[in-house]
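Trainee: If you scroll down you'll find the structure; I have some questions about it.
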Amino acid sequence: MISVFTEEQKVKILEDLVAIKSVNENEIEVAEYLKKIFEEHGIETSIVPVTDTRVNLVAEIGSGSPVFGISGHMDVVSPGDESKWATDPFVLTEKEGKLYGRGANDMKSGLAALAIAMIDIKENDSLQKGTVRFMATTGEEVGGAGAKKLYEEGYMEDVDALIVAEPSQDVIVYSHKGSMNFKVSSNGQEAHSSMPHLGYNAIDPLTEFITKANTEVRDPSRSNETLGELIMNCTIIQGGQQVNSIPSLATAEFNVRTIPEYDNEEVIDKFNHIAEGLNREGANLTVEVTMSLPSVFTDGKSNLVKIAQALGGKYFGVKPELIGSPGVTDGSNLLRSKGDDFPFMMFGPGLTKMAHKNNEYVDRDVYLKFIDLYEEMIVEFNK
């Protein structure tokens, strides 16, 4: 397929995207940038508001079925301490064949590759039948609000296959765990530490809750053949303001990675059950679910996965392994109504292990090859 872009133009698109500081916000600039490029090539696009400041972008070519959904998120995580970067995190910098910058790996290279591939397919009139629906999402790094909005507004109802272009160049992820966040608050009564009987230490019942959760929520006897067992960790604890004062408030936050056999609703029930038991003994605990993304489980036997494996071998010399992942994607929201046999995969330029790291990079050659791979994959699937 003849590309309408030179290699330098393809890298420039990624450079422009990295320069947009869409750190957990500001995705509207990314959406407007991509919208402009799509419209220059006659591709219909629509901006889908999520909040007053955050949007999704949807673009389509073709018509009818099958409908191939291609998706990536527009937000990135904070660069953190920029003094630990060898280059400006928001200036795409090439060194020894690697393109450095925040989002170069996770996942503006995947987003750009999908957009360029769709434009090339349209300009070459290569789509034999069906529709390609490009869905760029907001807020994936914190809660997945963009994908949830697309699901709620029906953008996935007629979709027959979905690829999320997260960095995973050496493997194809066809299933992944869910992810939940909990905040457990313990309310007590302040008092001087020399007279604790005049107050109620909020930390005490909270530590009991953590101990019980570690014992009662974790269950190594229950496992998924692909995804393994549920994982739960208490990751944040806050309580007290002064060492000689009894604290009136303490909080703990938990992250839980769920599996189909031990799902989000059951975990919520267990957290509530533990809190209710301690409250009957005099505690004042409340449980808040601050995020709940279900697991994604497919059988990995779809024609889409077979096509992608073959193309991975063609472009990179090694047939990518099929795996399940402990991490989550926008698939958690987008696939809420799809079955186990739905053609889904996460496959994109970059390495999963590079996500969120300082000096994040994607190999220039890998980024460019994925554009060609996506073009072939989409055309082959929609034959």
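Every chain in the structure tokens has a letter given in the order shown (A, B, ...), and although residue numbers restart at 1 in each chain, ligands are simply numbered from 1 in the order shown.
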Env of region 26-35 of chain A: 8 Å cut, atoms = only C-alpha atoms, seq-sep filter 5 positions within chain, self excluded. Answer as a PyMOL selection string.
Mentor: chain A and resi 17+20-21+45-47+53-57+74-75+115+136+138
Trainee: Quick one: everything within 8 Å of region 39-44 of chain A, counting only C-alpha atoms, minus sequence neighbours fewer than 2 positions away in the same chain. Send it as JSON, numbers by chain.
Mentor: {"A": [35, 36, 37, 46, 59, 60, 61, 119, 123]}
Trainee: Output C-alpha atoms for every residue in the selection just made, as a JSON list (two decimals), in the first residue's frame.
Mentor:
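result_10.json was written with the following content:
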```json
[["chain", "number", "residue", "atom", "x", "y", "z"],
["A", 35, "LYS", "CA", -9.58, 15.73, 13.74],
["A", 36, "LYS", "CA", -7.79, 18.24, 11.52],
["A", 37, "ILE", "CA", -5.61, 15.56, 9.94],
["A", 46, "SER", "CA", -16.94, 13.76, 15.70],
["A", 59, "ALA", "CA", -13.68, 8.86, 13.12],
["A", 60, "GLU", "CA", -15.00, 6.42, 10.51],
["A", 61, "ILE", "CA", -14.34, 5.15, 7.02],
["A", 119, "ILE", "CA", -5.93, 7.49, 6.39],
["A", 123, "GLU", "CA", -6.75, 7.22, 0.36]]
```
Trainee: Could you check how far CA of Gly62 (chain A) sits from CA of Lys129 (chain A), in Å to one decimal?
Mentor: 6.9 Å
Trainee: Can you pull out the residues contacting Pro326 (chain A)? Cut-off 10 Å, using only C-alpha atoms, and skip same-chain residues under 6 positions away; I want them as a list in words.
Mentor: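 My reading of the contact set: Ser175, His176, Lys177, Gly178, Ser179, Leu227, Gly228, Glu229, Leu230, Ile231, Arg257, Thr258, Ile259 and Ser295 of chain A.
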Trainee: Could you dump the residues just selected with N, CA and C atoms as a compact mmCIF listing (two decimals), in the first residue's frame?
Mentor:
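Saved as result_20.txt:
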```
# COMPACT_ATOMS: atom_id res chain seq x y z
N SER A 175 -6.66 -11.18 26.87
CA SER A 175 -7.46 -11.12 28.09
C SER A 175 -6.68 -10.34 29.13
N HIS A 176 -7.39 -9.66 30.02
CA HIS A 176 -6.67 -9.00 31.10
C HIS A 176 -7.54 -8.88 32.35
N LYS A 177 -6.88 -8.70 33.48
CA LYS A 177 -7.59 -8.57 34.74
C LYS A 177 -8.37 -7.27 34.80
N GLY A 178 -9.34 -7.24 35.72
CA GLY A 178 -10.02 -6.00 36.03
C GLY A 178 -9.23 -5.22 37.06
N SER A 179 -9.66 -4.00 37.32
CA SER A 179 -8.97 -3.19 38.32
C SER A 179 -9.98 -2.40 39.13
N LEU A 227 -5.19 -15.79 33.54
CA LEU A 227 -4.89 -14.56 34.28
C LEU A 227 -4.34 -14.79 35.68
N GLY A 228 -4.39 -16.01 36.17
CA GLY A 228 -3.91 -16.27 37.51
C GLY A 228 -4.93 -15.88 38.57
N GLU A 229 -4.45 -15.58 39.77
CA GLU A 229 -5.36 -15.30 40.89
C GLU A 229 -5.59 -13.80 41.07
N LEU A 230 -6.63 -13.48 41.83
CA LEU A 230 -6.90 -12.10 42.21
C LEU A 230 -5.72 -11.54 43.00
N ILE A 231 -5.43 -10.26 42.78
CA ILE A 231 -4.37 -9.57 43.51
C ILE A 231 -4.97 -8.39 44.26
N ARG A 257 -6.93 -6.37 41.63
CA ARG A 257 -6.95 -6.84 40.24
C ARG A 257 -7.78 -8.12 40.19
N THR A 258 -8.92 -8.05 39.51
CA THR A 258 -9.90 -9.13 39.56
C THR A 258 -9.83 -10.06 38.36
N ILE A 259 -10.46 -11.21 38.50
CA ILE A 259 -10.55 -12.22 37.45
C ILE A 259 -12.02 -12.59 37.26
N SER A 295 -12.80 -7.33 34.46
CA SER A 295 -11.81 -8.06 33.68
C SER A 295 -12.32 -8.26 32.26
```
Trainee: Near Thr352 (chain A), counting only C-alpha atoms, which residues have an atom at most 10 Å away, once you skip same-chain residues fewer than 5 positions from it, shown as a ChimeraX atom specification?
Mentor: /A:105-106,166-171,327
Trainee: I'd like the contact shell of region 367-374 of chain A - 9 Å cut-off, only C-alpha atoms, skipping same-chain residues fewer than 4 positions apart - returned as a list in words.
Mentor: Met1, Ser3, Glu7, Lys10, Val11, Ser109, Gly110, Ala112, Ala113, Leu114, Ala115, Ile116, Ala117, Met118, Gln169, Ala308, Leu311, Gly312, Lys314, Tyr315, Phe316, Gly348, Pro349, Gly350, Val362, Asp363, Ile378 and Val379 of chain A
Trainee: Could you save the residues just selected, with N, CA and C atoms, as an mmCIF file, in the first residue's frame?
Mentor:
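What follows is the written file result29.cif:
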```cif
data_model
loop_
_atom_site.group_PDB
_atom_site.id
_atom_site.type_symbol
_atom_site.label_atom_id
_atom_site.label_comp_id
_atom_site.auth_asym_id
_atom_site.auth_seq_id
_atom_site.Cartn_x
_atom_site.Cartn_y
_atom_site.Cartn_z
ATOM 1 N N MET A 1 0.842 -1.185 0.000
ATOM 2 C CA MET A 1 0.000 0.000 0.000
ATOM 3 C C MET A 1 0.884 1.244 0.000
ATOM 4 N N SER A 3 1.731 4.853 0.990
ATOM 5 C CA SER A 3 1.339 5.776 2.040
ATOM 6 C C SER A 3 1.301 7.199 1.516
ATOM 7 N N GLU A 7 8.095 8.965 5.726
ATOM 8 C CA GLU A 7 8.508 8.538 7.065
ATOM 9 C C GLU A 7 8.691 9.739 7.990
ATOM 10 N N LYS A 10 5.361 10.916 9.225
ATOM 11 C CA LYS A 10 4.811 10.014 10.241
ATOM 12 C C LYS A 10 5.443 10.282 11.603
ATOM 13 N N VAL A 11 6.745 10.508 11.620
ATOM 14 C CA VAL A 11 7.425 10.839 12.875
ATOM 15 C C VAL A 11 6.992 12.217 13.366
ATOM 16 N N SER A 109 2.284 6.660 20.191
ATOM 17 C CA SER A 109 2.761 5.992 18.973
ATOM 18 C C SER A 109 1.699 5.045 18.442
ATOM 19 N N GLY A 110 1.025 4.313 19.324
ATOM 20 C CA GLY A 110 -0.058 3.436 18.894
ATOM 21 C C GLY A 110 -1.222 4.233 18.315
ATOM 22 N N ALA A 112 -1.133 7.268 16.967
ATOM 23 C CA ALA A 112 -0.731 7.831 15.683
ATOM 24 C C ALA A 112 -0.702 6.763 14.594
ATOM 25 N N ALA A 113 -0.194 5.588 14.926
ATOM 26 C CA ALA A 113 -0.103 4.511 13.942
ATOM 27 C C ALA A 113 -1.487 4.109 13.439
ATOM 28 N N LEU A 114 -2.460 4.015 14.340
ATOM 29 C CA LEU A 114 -3.830 3.682 13.927
ATOM 30 C C LEU A 114 -4.409 4.761 13.021
ATOM 31 N N ALA A 115 -4.205 6.026 13.388
ATOM 32 C CA ALA A 115 -4.756 7.134 12.598
ATOM 33 C C ALA A 115 -4.145 7.164 11.202
ATOM 34 N N ILE A 116 -2.826 7.038 11.131
ATOM 35 C CA ILE A 116 -2.156 7.063 9.827
ATOM 36 C C ILE A 116 -2.582 5.875 8.972
ATOM 37 N N ALA A 117 -2.680 4.702 9.595
ATOM 38 C CA ALA A 117 -3.113 3.509 8.860
ATOM 39 C C ALA A 117 -4.498 3.701 8.275
ATOM 40 N N MET A 118 -5.420 4.277 9.042
ATOM 41 C CA MET A 118 -6.774 4.474 8.542
ATOM 42 C C MET A 118 -6.803 5.471 7.385
ATOM 43 N N GLN A 169 4.512 -4.701 21.696
ATOM 44 C CA GLN A 169 4.987 -5.086 20.371
ATOM 45 C C GLN A 169 5.429 -6.542 20.273
ATOM 46 N N ALA A 308 -3.140 -11.124 13.190
ATOM 47 C CA ALA A 308 -2.131 -10.309 13.867
ATOM 48 C C ALA A 308 -0.863 -11.109 14.154
ATOM 49 N N LEU A 311 1.068 -11.432 10.901
ATOM 50 C CA LEU A 311 1.689 -10.165 10.524
ATOM 51 C C LEU A 311 2.830 -9.802 11.473
ATOM 52 N N GLY A 312 2.693 -10.153 12.751
ATOM 53 C CA GLY A 312 3.792 -9.932 13.678
ATOM 54 C C GLY A 312 5.033 -10.689 13.248
ATOM 55 N N LYS A 314 5.679 -11.603 10.185
ATOM 56 C CA LYS A 314 6.141 -11.007 8.925
ATOM 57 C C LYS A 314 6.994 -9.769 9.173
ATOM 58 N N TYR A 315 6.536 -8.895 10.055
ATOM 59 C CA TYR A 315 7.216 -7.610 10.238
ATOM 60 C C TYR A 315 8.353 -7.650 11.243
ATOM 61 N N PHE A 316 8.295 -8.564 12.206
ATOM 62 C CA PHE A 316 9.302 -8.559 13.265
ATOM 63 C C PHE A 316 10.091 -9.865 13.378
ATOM 64 N N GLY A 348 0.408 -3.247 20.083
ATOM 65 C CA GLY A 348 0.818 -1.938 19.593
ATOM 66 C C GLY A 348 2.302 -1.704 19.730
ATOM 67 N N PRO A 349 2.800 -0.639 19.108
ATOM 68 C CA PRO A 349 4.227 -0.323 19.170
ATOM 69 C C PRO A 349 4.658 0.062 20.576
ATOM 70 N N GLY A 350 5.852 -0.367 20.942
ATOM 71 C CA GLY A 350 6.373 -0.069 22.271
ATOM 72 C C GLY A 350 6.370 -1.301 23.152
ATOM 73 N N VAL A 362 9.966 4.739 22.157
ATOM 74 C CA VAL A 362 9.535 3.702 21.229
ATOM 75 C C VAL A 362 10.591 3.637 20.134
ATOM 76 N N ASP A 363 10.889 2.454 19.637
ATOM 77 C CA ASP A 363 11.824 2.329 18.521
ATOM 78 C C ASP A 363 11.189 2.910 17.269
ATOM 79 N N ILE A 378 -6.179 -4.525 9.069
ATOM 80 C CA ILE A 378 -7.547 -4.006 8.918
ATOM 81 C C ILE A 378 -8.144 -4.443 7.587
ATOM 82 N N VAL A 379 -7.353 -4.329 6.512
ATOM 83 C CA VAL A 379 -7.850 -4.723 5.198
ATOM 84 C C VAL A 379 -8.144 -6.219 5.154
#
```
Trainee: So which residues touch Gly64 (chain A) within 7 Å, counting only C-alpha atoms, skipping near sequence neighbours fewer than 2 positions away, as a list in words?
Mentor: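 In the requested format, the answer is Pro66, Val67, Gly130 and Thr131 of chain A.
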Trainee: My list of candidates is A:Lys212, A:Lys84, A:Arg133, A:Lys148. Which is closest to Gly331 (chain A) when distances are computed with only C-alpha atoms?
Mentor: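 Looking only at the distances to Gly331 (chain A), the closest residue turns out to be A:Lys148.
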Trainee: Write out as a PyMOL selection string which residues come within 9 Å of Asp160 (chain A) when counting only C-alpha atoms, dropping same-chain ones fewer than 4 positions away.
Mentor: chain A and resi 65-69+156+342-343
Trainee: Apply DSSP to the structure's backbone, then extract all residues of region 94-322 of chain A labelled strand (DSSP E or B) and return them as a count of residues only.
Mentor: 76
Trainee: Which is closer to Lys301 (chain A) than all the others in A:Lys353, A:Asp330, A:Leu335, A:Tyr174, using only C-alpha atoms?
Mentor: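 Among A:Lys353, A:Asp330, A:Leu335, A:Tyr174, it is A:Tyr174 that comes nearest to Lys301 (chain A).
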Trainee: Which is closest to Ser325 (chain A) among A:Thr226, A:Ser194, A:Ser221, A:Asn201, if we use only C-alpha atoms?
Mentor: A:Thr226
Trainee: What is the distance, in Å and to one decimal place, between CA of Gly72 (chain A) and CA of Val164 (chain A)?
Mentor: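 If I compute the distance from CA of Gly72 (chain A) to CA of Val164 (chain A), I get 5.7 Å.
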Trainee: Could you work out how far CA of Val23 (chain A) lies from CA of Val328 (chain A), giving the answer in Å with one decimal?
Mentor: 18.5 Å
Trainee: Given the choices A:Ile70, A:Ala147, A:Ile210, A:Val77, which gets closest to Ala165 (chain A) if the distance is worked out from only C-alpha atoms?
Mentor: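 Comparing A:Ile70, A:Ala147, A:Ile210, A:Val77 against Ala165 (chain A), the winner is A:Ile70.
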